[in-house]
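Structure data follow from my_file_0.cif (mmCIF, C-alpha atoms and all ligand atoms):
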```cif
data_query
#
loop_
_atom_site.label_atom_id
_atom_site.label_comp_id
_atom_site.auth_asym_id
_atom_site.auth_seq_id
_atom_site.Cartn_x
_atom_site.Cartn_y
_atom_site.Cartn_z
CA MET A 17 15.22 -14.13 14.81
CA GLU A 18 15.32 -17.12 12.53
CA LEU A 19 11.93 -18.72 11.94
CA ASN A 20 12.53 -22.39 12.70
CA LYS A 21 10.62 -25.22 14.33
CA ASP A 22 11.50 -24.19 17.90
CA LEU A 23 10.43 -20.61 17.35
CA VAL A 24 7.14 -21.65 15.72
CA ILE A 25 6.40 -23.86 18.73
CA LYS A 26 7.18 -20.99 21.11
CA LEU A 27 5.06 -18.48 19.14
CA ARG A 28 2.16 -20.94 18.91
CA ASP A 29 2.30 -21.41 22.67
CA LEU A 30 2.13 -17.68 23.25
CA TYR A 31 -0.13 -16.48 20.43
CA GLY A 32 -2.02 -19.41 18.90
CA ASP A 33 -1.77 -21.46 15.73
CA ALA A 34 -1.97 -18.61 13.21
CA PHE A 35 -0.29 -15.21 13.13
CA TYR A 36 1.28 -12.64 10.85
CA LEU A 37 4.98 -11.86 11.10
CA LEU A 38 5.91 -8.29 10.34
CA ASP A 39 9.47 -7.55 9.22
CA SER A 40 9.91 -3.90 10.13
CA TYR A 41 13.64 -4.13 9.54
CA GLN A 42 13.08 -5.08 5.89
CA PHE A 43 10.55 -2.22 5.61
CA LYS A 44 13.21 0.29 6.69
CA LYS A 45 15.67 -1.22 4.24
CA ASN A 46 13.16 -0.95 1.39
CA PHE A 47 12.41 2.68 2.24
CA ASP A 48 16.12 3.56 2.29
CA GLU A 49 16.76 1.71 -0.95
CA VAL A 50 13.93 3.40 -2.88
CA LYS A 51 15.02 6.78 -1.55
CA ARG A 52 18.66 6.21 -2.43
CA ILE A 53 17.96 4.95 -5.95
CA PHE A 54 15.54 7.70 -7.00
CA SER A 55 17.62 10.43 -5.28
CA SER A 56 20.75 9.33 -7.12
CA ILE A 57 19.00 10.36 -10.36
CA TYR A 58 16.88 13.28 -9.13
CA SER A 59 18.10 14.56 -5.79
CA ASN A 60 15.04 16.49 -4.59
CA PHE A 61 13.04 13.33 -4.04
CA ASN A 62 10.83 11.96 -1.29
CA ILE A 63 8.49 9.08 -0.58
CA ALA A 64 4.87 9.41 0.55
CA TYR A 65 3.92 6.03 1.99
CA SER A 66 0.48 4.81 0.93
CA TYR A 67 -1.23 4.15 4.27
CA LYS A 68 -4.08 2.11 2.79
CA THR A 69 -1.67 -0.60 1.67
CA ASN A 70 -0.78 -1.50 5.25
CA TYR A 71 -1.58 1.09 7.89
CA THR A 72 0.14 -0.69 10.78
CA PRO A 73 1.08 2.27 13.05
CA LYS A 74 4.63 0.97 13.53
CA LEU A 75 5.21 1.24 9.77
CA CYS A 76 3.63 4.69 9.56
CA LYS A 77 5.89 5.88 12.39
CA ILE A 78 8.98 4.44 10.69
CA VAL A 79 8.20 6.40 7.51
CA ASN A 80 7.80 9.56 9.57
CA GLU A 81 11.09 8.96 11.42
CA LEU A 82 12.87 8.38 8.11
CA GLY A 83 11.59 11.72 6.80
CA GLY A 84 8.93 10.37 4.45
CA TYR A 85 5.41 11.71 3.98
CA ALA A 86 2.02 10.15 4.65
CA GLU A 87 -0.25 9.51 1.66
CA VAL A 88 -3.79 9.10 2.96
CA VAL A 89 -7.15 8.66 1.26
CA SER A 90 -9.65 9.05 4.07
CA GLU A 91 -10.23 10.96 7.27
CA MET A 92 -9.55 7.71 9.16
CA GLU A 93 -6.08 7.43 7.66
CA LEU A 94 -5.49 11.13 8.20
CA GLU A 95 -6.35 10.85 11.88
CA LEU A 96 -3.92 7.93 12.06
CA ALA A 97 -1.12 9.99 10.49
CA LEU A 98 -1.64 12.74 13.07
CA LYS A 99 -1.73 10.16 15.89
CA CYS A 100 1.57 8.76 14.58
CA GLY A 101 3.07 12.22 15.01
CA VAL A 102 3.19 13.20 11.33
CA LEU A 103 3.17 16.98 10.89
CA PRO A 104 0.19 18.21 8.83
CA LYS A 105 2.56 19.68 6.23
CA ASN A 106 3.84 16.16 5.59
CA ILE A 107 0.39 14.69 4.94
CA ILE A 108 -0.96 14.36 1.41
CA TRP A 109 -4.70 13.72 1.26
CA ASN A 110 -5.83 12.00 -1.92
CA GLY A 111 -9.11 10.16 -2.24
CA PRO A 112 -12.17 10.74 -4.37
CA ILE A 113 -14.51 11.58 -1.47
CA LYS A 114 -13.40 13.71 1.42
CA ASN A 115 -15.69 14.32 4.39
CA GLN A 116 -16.44 18.06 4.15
CA GLN A 117 -16.26 18.81 7.85
CA LYS A 118 -12.96 16.95 8.16
CA LEU A 119 -11.65 18.59 4.99
CA GLU A 120 -12.15 21.97 6.60
CA GLU A 121 -10.59 20.85 9.89
CA TYR A 122 -7.52 19.28 8.30
CA LEU A 123 -6.93 21.96 5.67
CA LEU A 124 -6.89 24.49 8.48
CA LYS A 125 -4.22 22.39 10.20
CA GLY A 126 -2.03 22.59 7.08
CA VAL A 127 -2.58 19.26 5.34
CA THR A 128 -2.31 19.26 1.53
CA ALA A 129 -5.52 18.09 -0.17
CA ASN A 130 -5.31 16.95 -3.76
CA ILE A 131 -8.43 18.17 -5.55
CA ASP A 132 -10.27 15.47 -7.47
CA THR A 133 -13.32 17.35 -8.82
CA LEU A 134 -14.51 20.86 -9.66
CA ASP A 135 -17.05 20.71 -6.80
CA GLU A 136 -14.26 19.97 -4.37
CA ALA A 137 -12.23 22.95 -5.64
CA GLU A 138 -15.24 25.24 -5.19
CA TYR A 139 -15.84 23.91 -1.69
CA ILE A 140 -12.20 24.36 -0.66
CA ASN A 141 -12.20 27.85 -2.11
CA LYS A 142 -15.22 28.72 0.05
CA ILE A 143 -13.43 27.43 3.15
CA SER A 144 -10.39 29.58 2.37
CA GLU A 145 -12.59 32.67 1.92
CA LYS A 146 -14.51 31.97 5.08
CA TYR A 147 -11.37 31.82 7.22
CA LYS A 148 -9.11 34.03 5.09
CA VAL A 149 -6.17 31.76 5.72
CA VAL A 150 -3.77 30.01 3.37
CA LEU A 151 -4.74 26.41 2.56
CA ASN A 152 -2.49 23.89 0.81
CA VAL A 153 -3.91 22.23 -2.27
CA GLY A 154 -2.79 20.12 -5.18
CA ILE A 155 -4.60 18.96 -8.29
CA ARG A 156 -4.97 15.30 -9.13
CA CYS A 157 -4.36 14.87 -12.86
CA ASN A 158 -5.80 12.26 -15.17
CA TYR A 159 -4.25 11.52 -18.55
CA ASP A 160 -3.57 8.59 -20.82
CA VAL A 161 -0.53 6.50 -19.95
CA ASN A 162 -1.35 3.93 -22.65
CA ASP A 163 -2.32 1.28 -20.11
CA GLY A 164 -5.74 0.69 -21.67
CA VAL A 165 -7.58 2.09 -18.63
CA ILE A 166 -9.81 5.15 -18.38
CA SER A 167 -9.05 5.93 -14.77
CA ARG A 168 -11.87 7.40 -12.68
CA PHE A 169 -9.49 9.41 -10.54
CA GLY A 170 -8.46 13.01 -10.92
CA LEU A 171 -9.32 15.70 -13.45
CA ASP A 172 -8.93 15.09 -17.16
CA ILE A 173 -6.12 17.50 -18.03
CA ASP A 174 -7.73 18.11 -21.43
CA GLY A 175 -11.16 18.85 -19.98
CA ASP A 176 -12.90 22.10 -18.99
CA ASP A 177 -13.11 21.19 -15.32
CA PHE A 178 -9.33 20.96 -15.07
CA LEU A 179 -8.95 24.51 -16.42
CA LYS A 180 -11.69 25.77 -14.11
CA VAL A 181 -10.02 24.17 -11.07
CA LEU A 182 -6.67 25.61 -12.09
CA SER A 183 -8.20 29.04 -12.46
CA ILE A 184 -9.87 28.81 -9.01
CA VAL A 185 -6.54 27.85 -7.45
CA LYS A 186 -4.50 30.47 -9.32
CA ASN A 187 -6.92 33.33 -8.77
CA SER A 188 -7.51 32.70 -5.09
CA ASN A 189 -5.80 34.88 -2.50
CA TYR A 190 -5.63 32.02 -0.08
CA LEU A 191 -5.12 28.76 -1.94
CA HIS A 192 -1.48 27.76 -1.97
CA PHE A 193 -0.80 25.51 -4.96
CA VAL A 194 1.59 22.77 -3.86
CA ASN A 195 1.59 20.08 -6.51
CA PHE A 196 0.20 18.23 -9.44
CA GLN A 197 -0.40 14.59 -8.59
CA CYS A 198 -1.32 11.48 -10.51
CA HIS A 199 -1.60 7.78 -9.77
CA PHE A 200 -2.15 4.88 -12.12
CA ALA A 201 -2.74 1.38 -10.83
CA LYS A 202 -0.98 -0.76 -13.42
CA ARG A 203 2.43 -1.71 -12.16
CA ASN A 204 4.20 -2.60 -15.41
CA VAL A 205 7.19 -0.33 -15.83
CA GLU A 206 6.43 0.30 -19.50
CA TYR A 207 3.56 2.59 -18.42
CA TRP A 208 5.80 4.63 -16.14
CA PRO A 209 7.65 6.87 -18.61
CA ALA A 210 4.23 8.14 -19.77
CA ARG A 211 3.47 9.30 -16.22
CA ALA A 212 6.56 11.47 -16.21
CA LYS A 213 6.21 12.64 -19.80
CA GLY A 214 2.55 13.51 -19.19
CA MET A 215 3.54 15.69 -16.23
CA VAL A 216 6.38 17.38 -18.10
CA ALA A 217 4.08 18.10 -21.07
CA LEU A 218 1.51 19.59 -18.68
CA LEU A 219 4.08 21.88 -17.05
CA GLU A 220 5.27 23.01 -20.48
CA ARG A 221 1.77 23.69 -21.70
CA LEU A 222 0.78 25.68 -18.60
CA ASN A 223 4.18 27.23 -18.01
CA ILE A 224 3.97 26.30 -14.33
CA ILE A 225 6.55 24.76 -12.06
CA PRO A 226 4.88 23.56 -8.87
CA GLU A 227 6.71 23.02 -5.58
CA ARG A 228 6.17 19.31 -5.90
CA ILE A 229 5.36 16.77 -8.58
CA ASP A 230 3.75 13.60 -7.28
CA ILE A 231 3.56 10.66 -9.67
CA GLY A 232 1.76 8.22 -7.38
CA GLY A 233 2.30 4.60 -6.49
CA GLY A 234 1.66 1.31 -8.25
CA LEU A 235 5.14 -0.24 -8.25
CA PHE A 236 5.82 -3.92 -7.88
CA GLY A 237 7.80 -4.82 -4.79
CA LYS A 238 10.37 -7.50 -4.16
CA MET A 239 9.15 -11.06 -4.39
CA GLU A 240 10.41 -14.59 -4.49
CA ASP A 241 11.26 -16.15 -7.85
CA SER A 242 8.38 -18.63 -7.53
CA LEU A 243 5.92 -15.71 -7.44
CA LYS A 244 7.70 -13.75 -10.18
CA ALA A 245 7.44 -16.78 -12.45
CA GLN A 246 3.63 -16.60 -12.29
CA PHE A 247 3.48 -13.18 -13.96
CA SER A 248 3.48 -12.92 -17.74
CA THR A 249 5.91 -9.98 -17.74
CA LYS A 250 9.26 -9.43 -16.08
CA ILE A 251 8.91 -7.92 -12.59
CA PRO A 252 10.74 -4.58 -12.52
CA ASP A 253 12.91 -3.52 -9.60
CA TYR A 254 13.20 -0.11 -7.92
CA ASN A 255 15.94 0.86 -10.32
CA ASP A 256 13.76 0.19 -13.37
CA TYR A 257 11.05 2.56 -12.07
CA ALA A 258 13.59 5.25 -11.20
CA LEU A 259 15.19 5.05 -14.63
CA ALA A 260 11.76 5.19 -16.27
CA THR A 261 10.70 8.40 -14.50
CA ALA A 262 13.33 10.24 -12.44
CA THR A 263 15.60 10.47 -15.49
CA ILE A 264 12.88 12.32 -17.40
CA PHE A 265 12.54 14.90 -14.61
CA ALA A 266 16.32 15.16 -14.15
CA ASP A 267 16.63 15.93 -17.84
CA TYR A 268 13.75 18.41 -17.95
CA PHE A 269 14.90 20.39 -14.93
CA LYS A 270 18.65 20.20 -15.53
CA ASP A 271 18.91 23.80 -16.81
CA LYS A 272 16.17 25.19 -14.62
CA GLU A 273 17.00 27.04 -11.45
CA PHE A 274 14.12 25.60 -9.44
CA LYS A 275 13.84 21.85 -9.20
CA PRO A 276 10.54 20.77 -7.63
CA GLU A 277 10.39 17.95 -5.17
CA LEU A 278 9.58 14.68 -6.91
CA ILE A 279 7.35 12.32 -4.93
CA ILE A 280 6.18 8.79 -5.41
CA GLU A 281 3.49 7.10 -3.31
CA PRO A 282 4.51 3.46 -3.00
CA GLY A 283 2.62 1.00 -0.85
CA SER A 284 3.21 -2.53 -2.12
CA ALA A 285 6.77 -1.80 -3.20
CA LEU A 286 7.74 -0.95 0.37
CA VAL A 287 5.68 -3.40 2.37
CA GLY A 288 4.78 -6.36 0.15
CA ASP A 289 7.74 -8.48 1.21
CA CYS A 290 7.59 -7.33 4.84
CA MET A 291 4.92 -9.70 6.10
CA LYS A 292 4.55 -13.43 6.30
CA PHE A 293 1.52 -15.37 7.38
CA VAL A 294 2.07 -18.46 9.52
CA GLY A 295 -0.80 -20.97 9.61
CA THR A 296 -1.14 -24.54 10.83
CA VAL A 297 -2.29 -27.64 8.95
CA LYS A 298 -5.32 -28.89 10.87
CA THR A 299 -6.69 -31.73 8.75
CA ILE A 300 -5.68 -33.83 5.77
CA LYS A 301 -8.23 -35.85 3.84
CA ASN A 302 -8.83 -37.54 0.53
CA VAL A 303 -11.98 -36.82 -1.45
CA ARG A 304 -12.58 -38.88 -4.58
CA GLY A 305 -8.89 -39.36 -5.10
CA LYS A 306 -7.82 -35.77 -4.36
CA TYR A 307 -5.95 -34.76 -1.23
CA PHE A 308 -6.87 -31.60 0.69
CA ALA A 309 -5.00 -30.11 3.65
CA THR A 310 -7.11 -27.59 5.56
CA ALA A 311 -5.08 -24.96 7.35
CA LEU A 312 -5.83 -22.37 9.96
CA ALA A 313 -5.20 -19.65 7.37
CA SER A 314 -7.29 -18.25 4.54
CA GLN A 315 -7.04 -16.37 1.29
CA LYS A 316 -8.91 -13.68 3.27
CA ASN A 317 -5.81 -13.31 5.47
CA ILE A 318 -3.38 -12.88 2.64
CA SER A 319 -5.54 -11.25 -0.06
CA MET A 320 -3.70 -13.12 -2.77
CA THR A 321 -5.84 -14.81 -5.38
CA GLY A 322 -5.13 -16.37 -8.74
CA VAL A 323 -1.54 -17.28 -7.87
CA ASN A 324 0.24 -19.80 -5.71
CA PRO A 325 1.90 -17.64 -3.04
CA PRO A 326 5.49 -18.36 -2.02
CA ILE A 327 5.06 -21.10 0.54
CA HIS A 328 7.41 -22.85 2.89
CA VAL A 329 6.54 -25.68 5.28
CA ILE A 330 8.09 -26.15 8.70
CA HIS A 331 7.60 -29.84 9.47
CA MET A 332 6.57 -30.77 12.97
CA ASN A 333 6.16 -34.49 12.31
CA GLU A 334 7.50 -37.09 9.94
CA GLY A 335 4.52 -36.77 7.56
CA ARG A 336 4.38 -38.29 4.13
CA GLU A 337 4.72 -37.24 0.51
CA TYR A 338 1.70 -35.91 -1.38
CA ALA A 339 1.25 -35.00 -5.01
CA ASP A 340 -1.13 -32.41 -6.47
CA MET A 341 -2.61 -31.64 -3.07
CA ASP A 342 -4.64 -28.45 -2.48
CA ILE A 343 -3.88 -26.55 0.71
CA VAL A 344 -7.15 -24.85 1.55
CA GLY A 345 -8.36 -22.26 4.05
CA PHE A 346 -10.58 -22.45 7.14
CA THR A 347 -13.50 -20.58 5.55
CA CYS A 348 -16.50 -22.23 3.92
CA ILE A 349 -15.71 -20.74 0.53
CA GLU A 350 -15.05 -23.48 -2.00
CA GLY A 351 -12.49 -21.28 -3.74
CA ASP A 352 -10.50 -20.54 -0.56
CA VAL A 353 -7.46 -22.36 -1.88
CA LEU A 354 -4.18 -21.11 -0.48
CA TYR A 355 -2.00 -23.28 -2.67
CA LYS A 356 -3.05 -25.39 -5.65
CA GLY A 357 -1.19 -28.57 -6.52
CA TYR A 358 1.26 -28.88 -3.62
CA ASN A 359 3.83 -31.60 -4.09
CA GLY A 360 5.91 -32.66 -1.11
CA LYS A 361 5.86 -33.77 2.48
CA LEU A 362 3.08 -32.65 4.81
CA ALA A 363 1.44 -33.64 8.09
CA VAL A 364 -1.19 -32.34 10.47
CA ASN A 365 0.34 -29.69 12.75
CA ASP A 366 2.96 -28.59 10.21
CA ALA A 367 3.39 -24.83 9.91
CA ILE A 368 2.68 -23.21 6.54
CA ILE A 369 4.66 -20.02 6.03
CA ILE A 370 3.30 -17.78 3.28
CA SER A 371 5.52 -14.90 2.19
CA ASN A 372 4.76 -11.61 0.40
CA CYS A 373 1.66 -10.93 2.49
CA GLY A 374 2.45 -7.30 3.36
CA SER A 375 0.19 -5.37 1.02
CA TYR A 376 -3.60 -5.14 1.05
CA SER A 377 -3.78 -8.12 3.44
CA LEU A 378 -4.26 -7.09 7.05
CA VAL A 379 -6.18 -3.98 6.00
CA MET A 380 -8.55 -5.97 3.78
CA LYS A 381 -9.28 -8.89 6.09
CA PRO A 382 -13.04 -8.93 6.72
CA PRO A 383 -14.45 -10.21 10.01
CA PHE A 384 -15.60 -13.23 8.03
CA ILE A 385 -16.01 -16.50 9.95
CA LEU A 386 -13.16 -15.73 12.38
CA PRO A 387 -11.71 -12.60 13.96
CA ASN A 388 -8.24 -11.83 12.67
CA PHE A 389 -5.02 -13.27 14.03
CA PRO A 390 -2.28 -11.32 15.81
CA VAL A 391 0.64 -9.56 14.16
CA LEU A 392 4.10 -10.09 15.64
CA ASP A 393 7.42 -8.51 14.75
CA ILE A 394 10.42 -10.76 15.32
CA SER A 395 12.77 -8.92 12.99
CA GLU A 396 14.86 -7.29 15.69
CA ASP A 397 15.81 -10.04 18.13
CA LYS A 398 12.73 -9.76 20.27
CA ILE A 399 9.05 -10.65 19.95
CA GLU A 400 6.95 -7.52 19.68
CA VAL A 401 3.16 -7.74 19.55
CA ILE A 402 2.17 -5.28 16.81
CA LYS A 403 -1.53 -6.14 16.91
CA ARG A 404 -3.14 -8.46 19.41
CA ALA A 405 -5.51 -11.17 18.21
CA GLU A 406 -9.01 -9.85 17.53
CA THR A 407 -11.69 -11.17 19.86
CA PHE A 408 -15.39 -11.99 19.70
CA ASP A 409 -16.09 -8.65 21.38
CA ASP A 410 -14.02 -6.70 18.85
CA ILE A 411 -16.35 -7.96 16.15
CA PHE A 412 -19.71 -7.88 17.90
CA GLN A 413 -19.57 -4.76 20.06
CA THR A 414 -20.77 -2.57 17.19
CA PHE A 415 -24.01 -4.57 16.75
CA ASN A 416 -27.25 -3.77 18.51
CA TRP A 417 -28.05 -6.87 20.56
CA GLY A 418 -31.60 -5.82 21.39
CA GLU A 419 -32.92 -6.27 24.87
C1 LIG B 1 -3.48 7.49 -4.81
C2 LIG B 1 -2.73 6.24 -4.55
N1 LIG B 1 -1.42 6.34 -4.26
C3 LIG B 1 -0.69 5.23 -3.98
C4 LIG B 1 -1.26 3.97 -4.00
C5 LIG B 1 -0.38 2.80 -3.64
O1 LIG B 1 -0.39 1.84 -4.57
P1 LIG B 1 0.59 0.58 -4.51
O2 LIG B 1 0.37 -0.13 -3.24
O3 LIG B 1 0.15 -0.18 -5.68
O4 LIG B 1 1.96 1.14 -4.64
C6 LIG B 1 -2.62 3.84 -4.31
C7 LIG B 1 -3.27 2.52 -4.36
O5 LIG B 1 -4.38 2.32 -4.71
C8 LIG B 1 -3.38 5.00 -4.58
O6 LIG B 1 -4.69 4.94 -4.87
#
```
Rewrite the structure of this file - the entire thing - as structure tokens.
Ligand SMILES: Cc1ncc(COP(=O)(O)O)c(C=O)c1O
Amino acid sequence: MELNKDLVIKLRDLYGDAFYLLDSYQFKKNFDEVKRIFSSIYSNFNIAYSYKTNYTPKLCKIVNELGGYAEVVSEMELELALKCGVLPKNIIWNGPIKNQQKLEEYLLKGVTANIDTLDEAEYINKISEKYKVVLNVGIRCNYDVNDGVISRFGLDIDGDDFLKVLSIVKNSNYLHFVNFQCHFAKRNVEYWPARAKGMVALLERLNIIPERIDIGGGLFGKMEDSLKAQFSTKIPDYNDYALATATIFADYFKDKEFKPELIIEPGSALVGDCMKFVGTVKTIKNVRGKYFATALASQKNISMTGVNPPIHVIHMNEGREYADMDIVGFTCIEGDVLYKGYNGKLAVNDAIIISNCGSYSLVMKPPFILPNFPVLDISEDKIEVIKRAETFDDIFQTFNWGE
């Protein structure tokens, strides 16, 4: 459905003056495109979708239907994966802290847990000996990818703990070693070859070929030119990441009989461009010579700070031209500026459409000042309510109200 004035009026009538629009069709296209591009270089490839980035069940189910895996970092996300029908063998559990009781329960179901510390390896080993059943484990690896960060995640591959964990896994009768995994947060593609080279060097040094090699997420997704222009470096595309990594694995394994499954764990790259936020201009005023438009929308809804998001206005009225106007949010935070220095026509009741709101937005919206707005999917010629509007009761039912 095309988002035009008539549709905005209809959606406002049904769902209120602010809502998210999910584009599940674009999400499917992104998944297929990433899969096709990486597989064309290294065929044994799969995607583990990072649930934390946007755990909307519809998206999680799409990944499962398309044959992808679930990458989860908490027992909450793991429960969600199971509820979405993901088979335990297709769930990868990362995360620095895993609830011990749940770890036992889910390992016994067949989930793969990536070990992050020596203590965790010892604990998992005890579980396997208690039940005398095979448990799937991986090891999260930490090494330098020249991004200037000492990551807190995983085991330093040059440290003693790494060797101790490896020895626990190798010498156990029950632990089934599935993969080495790593994840580095910086998205610039120049850090990506080091991920792959670090893994290859590790395999060489240990003379191990695991079933899977998982090189994590942290890819930029698609974005409008106006957003790209606000970054100091060129925004890579899927192809750039594939060339930077899959080629290294294709080359290393070309003469080897066994080619492990290569996995990446994208979140933003799949979902970033799959959500828009639609808000409404509620007031316009001038304070000491500066114009402010306050919208029913907030930085808290879109989790985008420090940039002007891609914005598009659907005019409801004639309005007038403004220069250097700030479009600000409904919260009482002075810095809740959605768009700095807007130049153009605007009027009260106009709709503000903010793109690229798919990642770390909905999942990071606090119940601050207002409950969250609904999520609708209009990408496939019908209006589907993906998440109803939150209510007063949704927020306050967990509090003790006293007598
Ligand atoms: C282990 C792991 N995998 C994947 C991701 C997804 O990252 P992104 O959304 O940047 O692709 C994250 C994000 O923090 C992560 O911690």
- Task: One decimal, Å: what's the distance from CA of Phe169 in chain A over to atom C3 of ligand LIG 1 (chain B), could you say?
- Result: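 Here the two named atoms are 11.7 Å from each other.
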Query raised in the report: Between A:Gly32, A:Gly234, A:Pro387, A:Gly170, which one has atoms that come closest to Ser375 in chain A, using all atoms listed in the file?
Result: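 Closest candidate: A:Gly234.
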Selection as a list of chain:residue names: residues within 6 Å of ligand LIG 1 (chain B) by only C-alpha atoms and all ligand atoms: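 Listing the residues within 6 Å of ligand LIG 1 (chain B) gives A:Ser66, A:Thr69, A:Asn110, A:His199, A:Gly232, A:Gly233, A:Gly234, A:Leu235, A:Glu281, A:Pro282, A:Gly283, A:Ser284, A:Ala285.
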Practice problem: Find the residues near Phe236 in chain A: any atom within 10 Å, counting all atoms listed in the file, skip ones fewer than 6 places away on the same chain, and give them as a ChimeraX atom specification. | Solution: /A:202-205,251-254,257,282-286,288
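Between Ile225 in chain A and the residues A:Asp241, A:Glu277, A:Asp267, A:Asp410, the shortest atom-to-atom distance, using all atoms listed in the file, involves A:Glu277.
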Please list as a ChimeraX atom specification every residue within 6 Å of Arg228 in chain A, counting all atoms listed in the file and excluding residues in the same chain fewer than 2 positions away.
/A:195,226,276-278
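Distance check against Val102 in chain A using only C-alpha atoms: of A:Glu396, A:Glu87, A:Asp163, A:Glu18, the minimum falls on A:Glu87.
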Would you mind listing what lies within 10 Å of Gly111 in chain A as a ChimeraX atom specification, with all atoms listed in the file counted and same-chain residues fewer than 5 positions away left out? /A:87-91,129-132,156,169-170
Output C-alpha atoms for every residue in the selection just made, as a compact mmCIF listing (two decimals), keeping the file's coordinate frame.
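Saved to part19.txt:
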```txt
# COMPACT_ATOMS: atom_id res chain seq x y z
CA GLU A 87 -0.25 9.51 1.66
CA VAL A 88 -3.79 9.10 2.96
CA VAL A 89 -7.15 8.66 1.26
CA SER A 90 -9.65 9.05 4.07
CA GLU A 91 -10.23 10.96 7.27
CA ALA A 129 -5.52 18.09 -0.17
CA ASN A 130 -5.31 16.95 -3.76
CA ILE A 131 -8.43 18.17 -5.55
CA ASP A 132 -10.27 15.47 -7.47
CA ARG A 156 -4.97 15.30 -9.13
CA PHE A 169 -9.49 9.41 -10.54
CA GLY A 170 -8.46 13.01 -10.92
```
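Pairwise distance (CA of Cys100 in chain A, CA of Lys68 in chain A) equals 14.7 Å.
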Check: From the list A:Ile113, A:Ile411, A:Leu219, A:Ile402, which residue is nearest Lys74 in chain A when using all atoms listed in the file?
Finding: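 Of the candidates, the smallest distance to Lys74 in chain A is held by A:Ile402.
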Closest of A:Ser56, A:Asn158, A:Asn106, A:Thr133 to Asp172 in chain A, counting all atoms listed in the file, is A:Asn158
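Nearest to Tyr36 in chain A of all the residues A:Glu120, A:Asp177, A:Glu400, A:Asp230 is A:Glu400, counting all atoms listed in the file.
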| task | Extract, using only C-alpha atoms, all DNA, RNA and protein residues at most 9 Å from Lys275 in chain A, discarding same-chain residues fewer than 5 positions from it, and format them as number ranges by chain. | result | A: 60, 225, 227-228, 265-266, 269-270
Is it possible to get the residues within 9 Å of (1.3, 28.3, -2.6) (coordinates as in the file, counting all atoms listed in the file) written as number ranges by chain?
A: 150-153, 190-194, 226-227
>> Between CA of Lys356 in chain A and CA of Val323 in chain A, what distance in Å does the model show, to one decimal?
In response: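 Atom-to-atom, CA of Lys356 in chain A and CA of Val323 in chain A are spaced 8.5 Å apart.
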Show me, as a short mmCIF file (atom, residue, chain, number, x, y, z; two decimals) with C-alpha atoms, in the frame of the given file, the residues that have an atom within 6 Å of Leu354 in chain A when counting only C-alpha atoms, minus same-chain residues fewer than 5 positions from it.
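Wrote selection.cif, looks like this:
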```
data_model
loop_
_atom_site.label_atom_id
_atom_site.label_comp_id
_atom_site.auth_asym_id
_atom_site.auth_seq_id
_atom_site.Cartn_x
_atom_site.Cartn_y
_atom_site.Cartn_z
CA GLN A 315 -7.04 -16.37 1.29
CA ILE A 343 -3.88 -26.55 0.71
CA VAL A 344 -7.15 -24.85 1.55
#
```
